[in-house]
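Structure first, then comments.
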Amino acid sequence: MDILVLGGGPAGATAAIYAARGGQSVTLVYEDGGALARAERIENYYGFPTSITGPDLFRQGLEQARAMGVTIVKAQILGLGFGQEGLEAETTAGTLAAPAVILATGTQRRRPYRVETKPCSLACSTTASI
């Protein structure tokens with residue numbers, strides 16, 4: 001394996017696809033679909049003139065990567081470090097080693113930021129809470 005991609009969302013799948021197109025041997029590891037898999041509808045996404053569901057976009061990305069020869073592994077990533085063969089990722093499916101790793105682990109949704117205001121005079125103050 002030349003490149004290990006950690007994360008299966010749009011960034012990870014795209015990185016894996018282009019690395020494979022460049023002749024690299026690629027393995028992509030993902031735990032679940034993350035925030036994308038929970039998205040009801042994605043709009044204004046490049047290549048999709050109409051909306052698509054998050055799970056469909058996630059599935060199509062992995063299918064395209066697999067069609068390019070990318071090995072797909074569904075596992076939780078437990079740790080990342082250096083080993084004899086380069087970088088090593090400890091996963092629930094075992095240890096995976098590669099000379100290069102692409103981190104595309106995504107994000108998680110946060111509660112919306114809320115600003116609370118209080119009645120004030122000329123010298124107003126605003127407090128923010130999350």
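Letters A, B, ... go to the chains of the structure tokens in the order shown; residues in each chain start at 1; ligands are counted from 1 in the same order.
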
Legend entry - Selection: 8 Å around stretch 7-22 of chain A, only C-alpha atoms, excl. self and same-chain fewer than 3 positions, as a ChimeraX atom specification: /A:3,25-34,36,58,61-62,64-65,68-70,102-106

Could you take the residues named above and write them with N, CA and C atoms, as a PDB file, in the first residue's frame?
ATOM      1  N   ILE A   3      -0.588   4.602  -0.053  1.00  0.00           N
ATOM      2  CA  ILE A   3      -1.255   5.681   0.671  1.00  0.00           C
ATOM      3  C   ILE A   3      -2.424   5.116   1.462  1.00  0.00           C
ATOM      4  N   SER A  25      -1.274   2.700  -4.873  1.00  0.00           N
ATOM      5  CA  SER A  25      -2.070   1.673  -4.207  1.00  0.00           C
ATOM      6  C   SER A  25      -2.657   2.324  -2.948  1.00  0.00           C
ATOM      7  N   VAL A  26      -3.986   2.364  -2.859  1.00  0.00           N
ATOM      8  CA  VAL A  26      -4.656   3.151  -1.819  1.00  0.00           C
ATOM      9  C   VAL A  26      -5.618   2.287  -1.014  1.00  0.00           C
ATOM     10  N   THR A  27      -5.593   2.489   0.292  1.00  0.00           N
ATOM     11  CA  THR A  27      -6.595   1.912   1.185  1.00  0.00           C
ATOM     12  C   THR A  27      -7.280   3.058   1.909  1.00  0.00           C
ATOM     13  N   LEU A  28      -8.606   3.031   1.942  1.00  0.00           N
ATOM     14  CA  LEU A  28      -9.409   4.042   2.623  1.00  0.00           C
ATOM     15  C   LEU A  28     -10.084   3.372   3.814  1.00  0.00           C
ATOM     16  N   VAL A  29      -9.960   3.984   4.982  1.00  0.00           N
ATOM     17  CA  VAL A  29     -10.585   3.469   6.197  1.00  0.00           C
ATOM     18  C   VAL A  29     -11.634   4.465   6.669  1.00  0.00           C
ATOM     19  N   TYR A  30     -12.828   3.957   6.950  1.00  0.00           N
ATOM     20  CA  TYR A  30     -13.887   4.820   7.482  1.00  0.00           C
ATOM     21  C   TYR A  30     -14.630   4.066   8.572  1.00  0.00           C
ATOM     22  N   GLU A  31     -15.166   4.822   9.509  1.00  0.00           N
ATOM     23  CA  GLU A  31     -15.931   4.197  10.590  1.00  0.00           C
ATOM     24  C   GLU A  31     -17.412   4.174  10.258  1.00  0.00           C
ATOM     25  N   ASP A  32     -17.915   5.310   9.832  1.00  0.00           N
ATOM     26  CA  ASP A  32     -19.312   5.420   9.423  1.00  0.00           C
ATOM     27  C   ASP A  32     -19.410   6.609   8.484  1.00  0.00           C
ATOM     28  N   GLY A  33     -20.580   6.977   8.103  1.00  0.00           N
ATOM     29  CA  GLY A  33     -20.751   8.087   7.172  1.00  0.00           C
ATOM     30  C   GLY A  33     -20.642   9.459   7.803  1.00  0.00           C
ATOM     31  N   GLY A  34     -20.470   9.515   9.122  1.00  0.00           N
ATOM     32  CA  GLY A  34     -20.331  10.794   9.804  1.00  0.00           C
ATOM     33  C   GLY A  34     -21.527  11.708   9.591  1.00  0.00           C
ATOM     34  N   LEU A  36     -22.253  13.454   7.063  1.00  0.00           N
ATOM     35  CA  LEU A  36     -22.824  13.308   5.722  1.00  0.00           C
ATOM     36  C   LEU A  36     -23.916  12.243   5.699  1.00  0.00           C
ATOM     37  N   PHE A  58     -22.521   9.724   0.087  1.00  0.00           N
ATOM     38  CA  PHE A  58     -21.491   8.931   0.766  1.00  0.00           C
ATOM     39  C   PHE A  58     -21.278   7.598   0.040  1.00  0.00           C
ATOM     40  N   GLY A  61     -19.638   8.003  -3.404  1.00  0.00           N
ATOM     41  CA  GLY A  61     -18.218   8.312  -3.291  1.00  0.00           C
ATOM     42  C   GLY A  61     -17.389   7.068  -3.049  1.00  0.00           C
ATOM     43  N   LEU A  62     -17.861   6.208  -2.135  1.00  0.00           N
ATOM     44  CA  LEU A  62     -17.132   4.961  -1.862  1.00  0.00           C
ATOM     45  C   LEU A  62     -17.177   4.023  -3.059  1.00  0.00           C
ATOM     46  N   GLN A  64     -17.329   4.877  -6.224  1.00  0.00           N
ATOM     47  CA  GLN A  64     -16.401   5.391  -7.232  1.00  0.00           C
ATOM     48  C   GLN A  64     -14.962   5.072  -6.845  1.00  0.00           C
ATOM     49  N   ALA A  65     -14.632   5.223  -5.568  1.00  0.00           N
ATOM     50  CA  ALA A  65     -13.279   4.895  -5.111  1.00  0.00           C
ATOM     51  C   ALA A  65     -12.998   3.407  -5.333  1.00  0.00           C
ATOM     52  N   MET A  68     -12.146   2.517  -8.783  1.00  0.00           N
ATOM     53  CA  MET A  68     -10.792   2.937  -9.175  1.00  0.00           C
ATOM     54  C   MET A  68      -9.715   2.025  -8.583  1.00  0.00           C
ATOM     55  N   GLY A  69     -10.146   1.003  -7.842  1.00  0.00           N
ATOM     56  CA  GLY A  69      -9.193   0.059  -7.281  1.00  0.00           C
ATOM     57  C   GLY A  69      -8.808   0.326  -5.840  1.00  0.00           C
ATOM     58  N   VAL A  70      -9.467   1.283  -5.209  1.00  0.00           N
ATOM     59  CA  VAL A  70      -9.182   1.594  -3.803  1.00  0.00           C
ATOM     60  C   VAL A  70      -9.743   0.474  -2.926  1.00  0.00           C
ATOM     61  N   ILE A 102      -3.249  10.209   4.498  1.00  0.00           N
ATOM     62  CA  ILE A 102      -4.062  11.413   4.297  1.00  0.00           C
ATOM     63  C   ILE A 102      -5.144  11.395   5.365  1.00  0.00           C
ATOM     64  N   LEU A 103      -5.169  12.447   6.180  1.00  0.00           N
ATOM     65  CA  LEU A 103      -6.197  12.576   7.215  1.00  0.00           C
ATOM     66  C   LEU A 103      -7.368  13.368   6.659  1.00  0.00           C
ATOM     67  N   ALA A 104      -8.511  12.732   6.576  1.00  0.00           N
ATOM     68  CA  ALA A 104      -9.735  13.370   6.080  1.00  0.00           C
ATOM     69  C   ALA A 104     -10.880  12.925   6.975  1.00  0.00           C
ATOM     70  N   THR A 105     -10.691  13.133   8.272  1.00  0.00           N
ATOM     71  CA  THR A 105     -11.615  12.582   9.263  1.00  0.00           C
ATOM     72  C   THR A 105     -12.866  13.415   9.491  1.00  0.00           C
ATOM     73  N   GLY A 106     -13.001  14.515   8.792  1.00  0.00           N
ATOM     74  CA  GLY A 106     -14.243  15.272   8.846  1.00  0.00           C
ATOM     75  C   GLY A 106     -14.441  16.065  10.114  1.00  0.00           C
TER      76      GLY A 106
END

Legend entry - Members of chain A assigned helix (DSSP H, G or I) by DSSP, as a ChimeraX atom specification: /A:10-21,34-37,54-67

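We find atom CA of A:Thr95 and atom CA of A:Leu80 to be spaced 9.5 Å apart.
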
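For the set A:Ala97, A:Thr107, A:Ala37, A:Ile72, the residue with the smallest atom-to-atom gap to A:Asp56 is A:Ala37, counting only C-alpha atoms.
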
Legend entry - Pick from A:Arg38, A:Val5, A:Arg59, A:Lys74, whichever lies nearest to A:Ala89 using only C-alpha atoms: A:Val5

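Within 10 Å of A:Glu43, once only C-alpha atoms are used and residues closer than 3 positions along the same chain are dropped, the contacting residues are A:Tyr46, A:Phe48, A:Pro49, A:Thr50, A:Ser51, A:Ile52, A:Thr53, A:Gly54.
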
Would you mind exporting the chosen residues as a CSV table (one decimal), in the first residue's frame, restricted to all heavy atoms?
chain,number,residue,atom,x,y,z
A,46,TYR,N,-21.3,20.2,-6.4
A,46,TYR,CA,-20.8,20.1,-7.7
A,46,TYR,C,-21.1,18.7,-8.4
A,46,TYR,O,-20.9,17.7,-7.7
A,46,TYR,CB,-19.2,20.3,-7.7
A,46,TYR,CG,-18.6,20.1,-9.0
A,46,TYR,CD1,-18.6,21.2,-9.9
A,46,TYR,CD2,-18.0,18.9,-9.4
A,46,TYR,CE1,-18.0,21.0,-11.1
A,46,TYR,CE2,-17.4,18.8,-10.6
A,46,TYR,CZ,-17.4,19.8,-11.5
A,46,TYR,OH,-16.8,19.7,-12.7
A,48,PHE,N,-24.0,17.5,-9.2
A,48,PHE,CA,-25.4,17.1,-9.0
A,48,PHE,C,-26.4,18.3,-9.2
A,48,PHE,O,-26.5,19.1,-8.3
A,48,PHE,CB,-25.6,16.5,-7.5
A,48,PHE,CG,-24.8,15.3,-7.3
A,48,PHE,CD1,-23.5,15.3,-6.9
A,48,PHE,CD2,-25.4,14.0,-7.6
A,48,PHE,CE1,-22.8,14.2,-6.7
A,48,PHE,CE2,-24.7,12.9,-7.4
A,48,PHE,CZ,-23.3,12.9,-6.9
A,49,PRO,N,-27.0,18.4,-10.4
A,49,PRO,CA,-27.9,19.5,-10.6
A,49,PRO,C,-29.1,19.5,-9.7
A,49,PRO,O,-29.7,20.6,-9.6
A,49,PRO,CB,-28.2,19.3,-12.1
A,49,PRO,CG,-28.0,17.9,-12.4
A,49,PRO,CD,-26.9,17.4,-11.5
A,50,THR,N,-29.5,18.4,-9.2
A,50,THR,CA,-30.6,18.3,-8.2
A,50,THR,C,-30.0,17.9,-6.9
A,50,THR,O,-28.9,17.4,-6.8
A,50,THR,CB,-31.7,17.4,-8.7
A,50,THR,OG1,-31.2,16.1,-8.8
A,50,THR,CG2,-32.3,17.8,-10.0
A,51,SER,N,-30.8,17.9,-5.9
A,51,SER,CA,-30.4,17.5,-4.5
A,51,SER,C,-30.1,16.0,-4.5
A,51,SER,O,-30.6,15.3,-5.3
A,51,SER,CB,-31.4,18.0,-3.5
A,51,SER,OG,-32.6,17.3,-3.6
A,52,ILE,N,-29.3,15.6,-3.5
A,52,ILE,CA,-29.0,14.2,-3.2
A,52,ILE,C,-29.0,14.1,-1.7
A,52,ILE,O,-28.6,15.0,-1.0
A,52,ILE,CB,-27.6,13.9,-3.9
A,52,ILE,CG1,-27.3,12.4,-3.7
A,52,ILE,CG2,-26.5,14.7,-3.4
A,52,ILE,CD1,-26.2,11.8,-4.5
A,53,THR,N,-29.3,12.9,-1.3
A,53,THR,CA,-29.3,12.7,0.2
A,53,THR,C,-27.8,12.5,0.6
A,53,THR,O,-27.0,12.0,-0.2
A,53,THR,CB,-30.1,11.5,0.6
A,53,THR,OG1,-29.5,10.3,0.1
A,53,THR,CG2,-31.5,11.6,0.1
A,54,GLY,N,-27.5,12.7,1.8
A,54,GLY,CA,-26.2,12.5,2.4
A,54,GLY,C,-25.7,11.1,2.3
A,54,GLY,O,-24.6,10.8,1.8

Inset, instruction - Take atom CA of A:Asp2 and atom CA of A:Glu88 and report the distance between them in Å, one decimal. - result: 12.1 Å

Legend entry - Pick from A:Glu85, A:Leu96, A:Ile42, A:Ile77 nearest to A:Pro55, counting only C-alpha atoms: A:Ile42

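All residues in stretch 16-54 of chain A with a DSSP state of strand (DSSP E), computed from the backbone, read A:Val26, A:Thr27, A:Leu28, A:Val29, A:Tyr30.
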
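With atom CA of A:Leu57 on one side and atom CA of A:Gln76 on the other, the separation reads 20.8 Å.
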